[in-house]
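Engineer: Sending over a structure as structure tokens; questions will come in a sec.
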Amino acid sequence: MTKLQNLTKGFFKENPIFVYLLGMCPSLAVTGSFETALGMGILVVFVLTLSNVAISIFRNLIPTEVRTPAYIVIIATFVTIVQMLTNAFALDLSIALGVFIPLIVVNCLILGRAEAFASKNSIIDSAIDGFGMGLGFTLGLVVIGIFREFLATGGIMYGIYLPFFVDAPVTLFSLDWIINLFATDFAITDYGLKIFTSPAGAFMSIGLILSFINFRRLRKERKINIEKQKMIEEKKRIALEKKKAKEALVKAGAE
């Protein structure tokens with residue numbers, strides 16, 4: 001596997017959320033909005049990359065008998081750093097994520113990559129793997145967050161929890177401006193599907209997104225199977241024609 005493949009495998013082919021269904025607890029709990037989903041993703045990228053690097057460095061020094069506790073100590077160190085930085089520079093995000101920041105320590109994605117990859121590969125490859133899988137996890141969270149926030153409010157906001165690059169909250173996207181073109185008093189934000197801000201909405205969102213992904217995957221597999229069947233039938237037809245031609249030559253030679 002090349003370094004580029006190692007980096008991009010977590011985006012689609014081995015996406016932690018939509019393929020392996022890892023880290024479903026934060027996927028359900030912190031994706032009520034685009035911002036909280038993005039914030040959690042950034043924290044996981046940081047922790048996953050650095051913990052992979054540290055575990056790869058010390059992999060030959062950690063006894064097999066205490067491997068998992070050692071991984072947890074390393075991961076917990078970086079989670080503590082992340083929590084302190086979040087409290088210092090994005091306090092609103094820290095409050096919004098709450099207990100799910102320290103719970104990164106036992107995120108099965110991070111522990112899984114430590115055991116399956118970082119403990120068996122070089123520092124560079126482990127860093128690339130952690131960064132790529134972290135980005136894939138972030139992509140999954142952001143997709144769910146955008147889906148839920150859009151259905152709940154009809155728009156996407158930024159600047160409420162993440163203060164970076166803006167001085168005040170801004171609207172990244174909203175359907176209200178389209179409605180205002182028709183000079184009506186209707187506001188989509190007043191009639192959003194509020195259920196998508198609740199835990200039930202989280203389950204529904206992930207279910208709908210997974211259904212769409214599986215539908216696309218099955219349709220692609222069906223198309224590939226049809227093409228393979230056509231190739232098999234074509235090979236059989238060619239083989240039959242060759243057999244008939246050979247029999248015809250034999251018959252002509254006998255006459």
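So you can find residues: chains in the structure tokens are A, B, ... in the order shown, residues in each start at 1, and ligands are numbered from 1 in order.
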If you run DSSP on this backbone, which residues of region 6-214 of chain A come out as strand (DSSP E), and could you give them as a list in words?
Structural biologist: Gly155, Ile156, Met157, Tyr158, Val170, Thr171, Leu172, Phe173 and Ser174 of chain A
Engineer: Neighbours of Phe117 (chain A) within 10 Å (only C-alpha atoms; same-chain residues fewer than 4 positions away dropped), as a list in words?
Structural biologist: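 Once the nearby chain positions are removed, what remains is Asn52, Ile55, Ser56, Leu111, Gly112, Arg113, Asn121, Ser122, Asp125, Ser126, Asp129 and Gly130 of chain A.
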Engineer: Would you save the residues from that selection as a compact mmCIF listing (two decimals), in the first residue's frame, using C-alpha atoms?
Structural biologist:
# COMPACT_ATOMS: atom_id res chain seq x y z
CA ASN A 52 -0.22 6.53 16.64
CA ILE A 55 2.80 4.01 20.08
CA SER A 56 4.90 3.34 16.99
CA LEU A 111 -7.55 1.90 20.28
CA GLY A 112 -8.18 -0.14 17.14
CA ARG A 113 -5.65 1.77 15.03
CA ASN A 121 4.42 -0.17 11.47
CA SER A 122 6.94 2.65 11.17
CA ASP A 125 3.29 5.21 8.17
CA SER A 126 1.59 5.30 11.57
CA ASP A 129 -2.59 6.23 8.99
CA GLY A 130 -3.71 8.17 12.07
Engineer: Let's see if you can do this: from backbone DSSP, list all helix (DSSP H, G or I) residues in region 11-197 of chain A, as a PyMOL selection string.
Structural biologist: chain A and resi 24-29+34-58+64-89+91-100+102-106+108-118+123-153+176-180+188-191+194-197
Engineer: Emit the selected residues as a compact mmCIF listing (two decimals), in the first residue's frame, including C-alpha atoms.
Structural biologist:
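Output saved as part_29.txt:
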# COMPACT_ATOMS: atom_id res chain seq x y z
CA MET A 24 -20.78 5.48 17.02
CA CYS A 25 -21.20 7.01 20.49
CA PRO A 26 -19.78 10.43 19.52
CA SER A 27 -21.35 10.04 16.09
CA LEU A 28 -24.75 10.03 17.75
CA ALA A 29 -24.04 12.46 20.58
CA PHE A 34 -22.03 21.03 11.83
CA GLU A 35 -19.77 22.90 14.26
CA THR A 36 -19.82 20.40 17.12
CA ALA A 37 -19.23 17.56 14.64
CA LEU A 38 -16.28 19.40 13.09
CA GLY A 39 -14.89 20.27 16.51
CA MET A 40 -14.96 16.66 17.71
CA GLY A 41 -13.40 15.54 14.43
CA ILE A 42 -10.50 17.97 14.82
CA LEU A 43 -9.83 16.72 18.35
CA VAL A 44 -9.89 13.09 17.21
CA VAL A 45 -7.48 13.83 14.34
CA PHE A 46 -5.05 15.39 16.81
CA VAL A 47 -5.26 12.55 19.33
CA LEU A 48 -5.25 9.74 16.78
CA THR A 49 -2.24 11.07 14.86
CA LEU A 50 -0.05 11.77 17.88
CA SER A 51 -1.01 8.59 19.75
CA ASN A 52 -0.22 6.53 16.64
CA VAL A 53 3.20 8.19 16.45
CA ALA A 54 3.93 7.65 20.14
CA ILE A 55 2.80 4.01 20.08
CA SER A 56 4.90 3.34 16.99
CA ILE A 57 7.95 4.84 18.73
CA PHE A 58 7.56 2.75 21.89
CA THR A 64 2.78 -7.69 25.45
CA GLU A 65 1.10 -8.32 28.80
CA VAL A 66 0.39 -4.61 29.41
CA ARG A 67 -0.05 -3.49 25.82
CA THR A 68 -3.64 -2.25 26.11
CA PRO A 69 -3.15 -0.35 29.42
CA ALA A 70 -0.04 1.27 27.95
CA TYR A 71 -2.00 2.38 24.88
CA ILE A 72 -4.70 3.88 27.10
CA VAL A 73 -2.12 5.84 29.14
CA ILE A 74 -0.58 7.25 25.94
CA ILE A 75 -3.96 8.15 24.47
CA ALA A 76 -5.15 9.66 27.76
CA THR A 77 -2.09 11.93 27.81
CA PHE A 78 -2.97 13.44 24.45
CA VAL A 79 -6.67 13.66 25.34
CA THR A 80 -5.73 15.66 28.45
CA ILE A 81 -3.67 18.04 26.31
CA VAL A 82 -6.57 18.36 23.86
CA GLN A 83 -9.04 19.10 26.63
CA MET A 84 -6.80 21.78 28.12
CA LEU A 85 -6.32 23.45 24.73
CA THR A 86 -10.05 23.31 24.03
CA ASN A 87 -10.83 24.90 27.41
CA ALA A 88 -8.31 27.65 26.65
CA PHE A 89 -9.21 28.51 23.05
CA LEU A 91 -14.52 27.07 25.75
CA ASP A 92 -18.00 26.98 24.17
CA LEU A 93 -17.01 23.90 22.18
CA SER A 94 -15.64 22.26 25.31
CA ILE A 95 -18.92 22.89 27.13
CA ALA A 96 -20.96 21.63 24.16
CA LEU A 97 -18.95 18.40 23.83
CA GLY A 98 -18.80 17.90 27.59
CA VAL A 99 -17.92 14.40 28.73
CA PHE A 100 -17.35 13.20 25.18
CA PRO A 102 -12.45 12.64 27.89
CA LEU A 103 -14.31 9.68 26.39
CA ILE A 104 -12.00 9.95 23.36
CA VAL A 105 -9.62 7.88 25.51
CA VAL A 106 -11.76 4.78 24.99
CA CYS A 108 -12.62 2.15 19.70
CA LEU A 109 -11.26 3.77 16.53
CA ILE A 110 -8.17 5.10 18.33
CA LEU A 111 -7.55 1.90 20.28
CA GLY A 112 -8.18 -0.14 17.14
CA ARG A 113 -5.65 1.77 15.03
CA ALA A 114 -3.11 1.53 17.86
CA GLU A 115 -3.43 -2.25 17.98
CA ALA A 116 -3.96 -2.97 14.28
CA PHE A 117 -1.51 -0.51 12.73
CA ALA A 118 0.68 1.69 14.95
CA ILE A 123 6.52 6.12 12.65
CA ILE A 124 5.83 7.81 9.29
CA ASP A 125 3.29 5.21 8.17
CA SER A 126 1.59 5.30 11.57
CA ALA A 127 1.33 9.10 11.44
CA ILE A 128 -0.16 8.97 7.94
CA ASP A 129 -2.59 6.23 8.99
CA GLY A 130 -3.71 8.17 12.07
CA PHE A 131 -4.12 11.43 10.16
CA GLY A 132 -6.00 9.76 7.29
CA MET A 133 -8.34 7.74 9.50
CA GLY A 134 -8.92 10.82 11.65
CA LEU A 135 -9.89 12.83 8.58
CA GLY A 136 -12.20 10.01 7.50
CA PHE A 137 -13.82 10.03 10.93
CA THR A 138 -14.17 13.82 10.75
CA LEU A 139 -15.74 13.53 7.30
CA GLY A 140 -18.31 11.09 8.66
CA LEU A 141 -19.13 13.33 11.63
CA VAL A 142 -19.44 16.42 9.43
CA VAL A 143 -21.76 14.68 6.96
CA ILE A 144 -24.05 13.61 9.81
CA GLY A 145 -23.82 17.05 11.45
CA ILE A 146 -24.71 18.90 8.25
CA PHE A 147 -27.57 16.48 7.55
CA ARG A 148 -29.06 16.92 11.05
CA GLU A 149 -28.59 20.68 11.33
CA PHE A 150 -29.97 21.34 7.85
CA LEU A 151 -33.11 19.27 8.44
CA ALA A 152 -33.59 20.76 11.91
CA THR A 153 -33.04 24.43 11.03
CA ASP A 176 -34.43 31.38 3.89
CA TRP A 177 -32.71 33.54 1.29
CA ILE A 178 -34.36 31.51 -1.49
CA ILE A 179 -37.75 31.93 0.16
CA ASN A 180 -37.14 35.67 0.58
CA ILE A 188 -37.89 27.65 7.15
CA THR A 189 -36.15 28.00 10.54
CA ASP A 190 -39.56 28.23 12.22
CA TYR A 191 -40.72 24.95 10.73
CA LYS A 194 -36.71 19.58 15.41
CA ILE A 195 -36.59 15.83 15.98
CA PHE A 196 -33.21 15.80 14.25
CA THR A 197 -31.70 17.70 17.17
Engineer: Give me the residues near Gly159 (chain A) as JSON, numbers by chain, where near means some atom within 6 Å (using only C-alpha atoms) and where sequence neighbours in that chain fewer than 4 positions away do not count.
Structural biologist: {"A": [163, 168, 169]}
Engineer: Could you write out the selected residues, including C-alpha atoms, as a JSON list (two decimals), in the first residue's frame?
Structural biologist:
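Saved the output as again.json:
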[["chain", "number", "residue", "atom", "x", "y", "z"],
["A", 163, "PRO", "CA", -14.44, 31.07, 17.26],
["A", 168, "ALA", "CA", -19.48, 36.51, 15.22],
["A", 169, "PRO", "CA", -21.67, 33.60, 14.06]]
Engineer: Between CA of Leu208 (chain A) and CA of Lys9 (chain A), what is the distance, to one decimal in Å?
Structural biologist: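 According to the coordinates, CA of Leu208 (chain A) and CA of Lys9 (chain A) are separated by 22.9 Å.
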Engineer: Measure the distance from CA of Ser174 (chain A) to CA of Gly201 (chain A) in Å and round it to one decimal.
Structural biologist: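 A separation of 19.9 Å between them.
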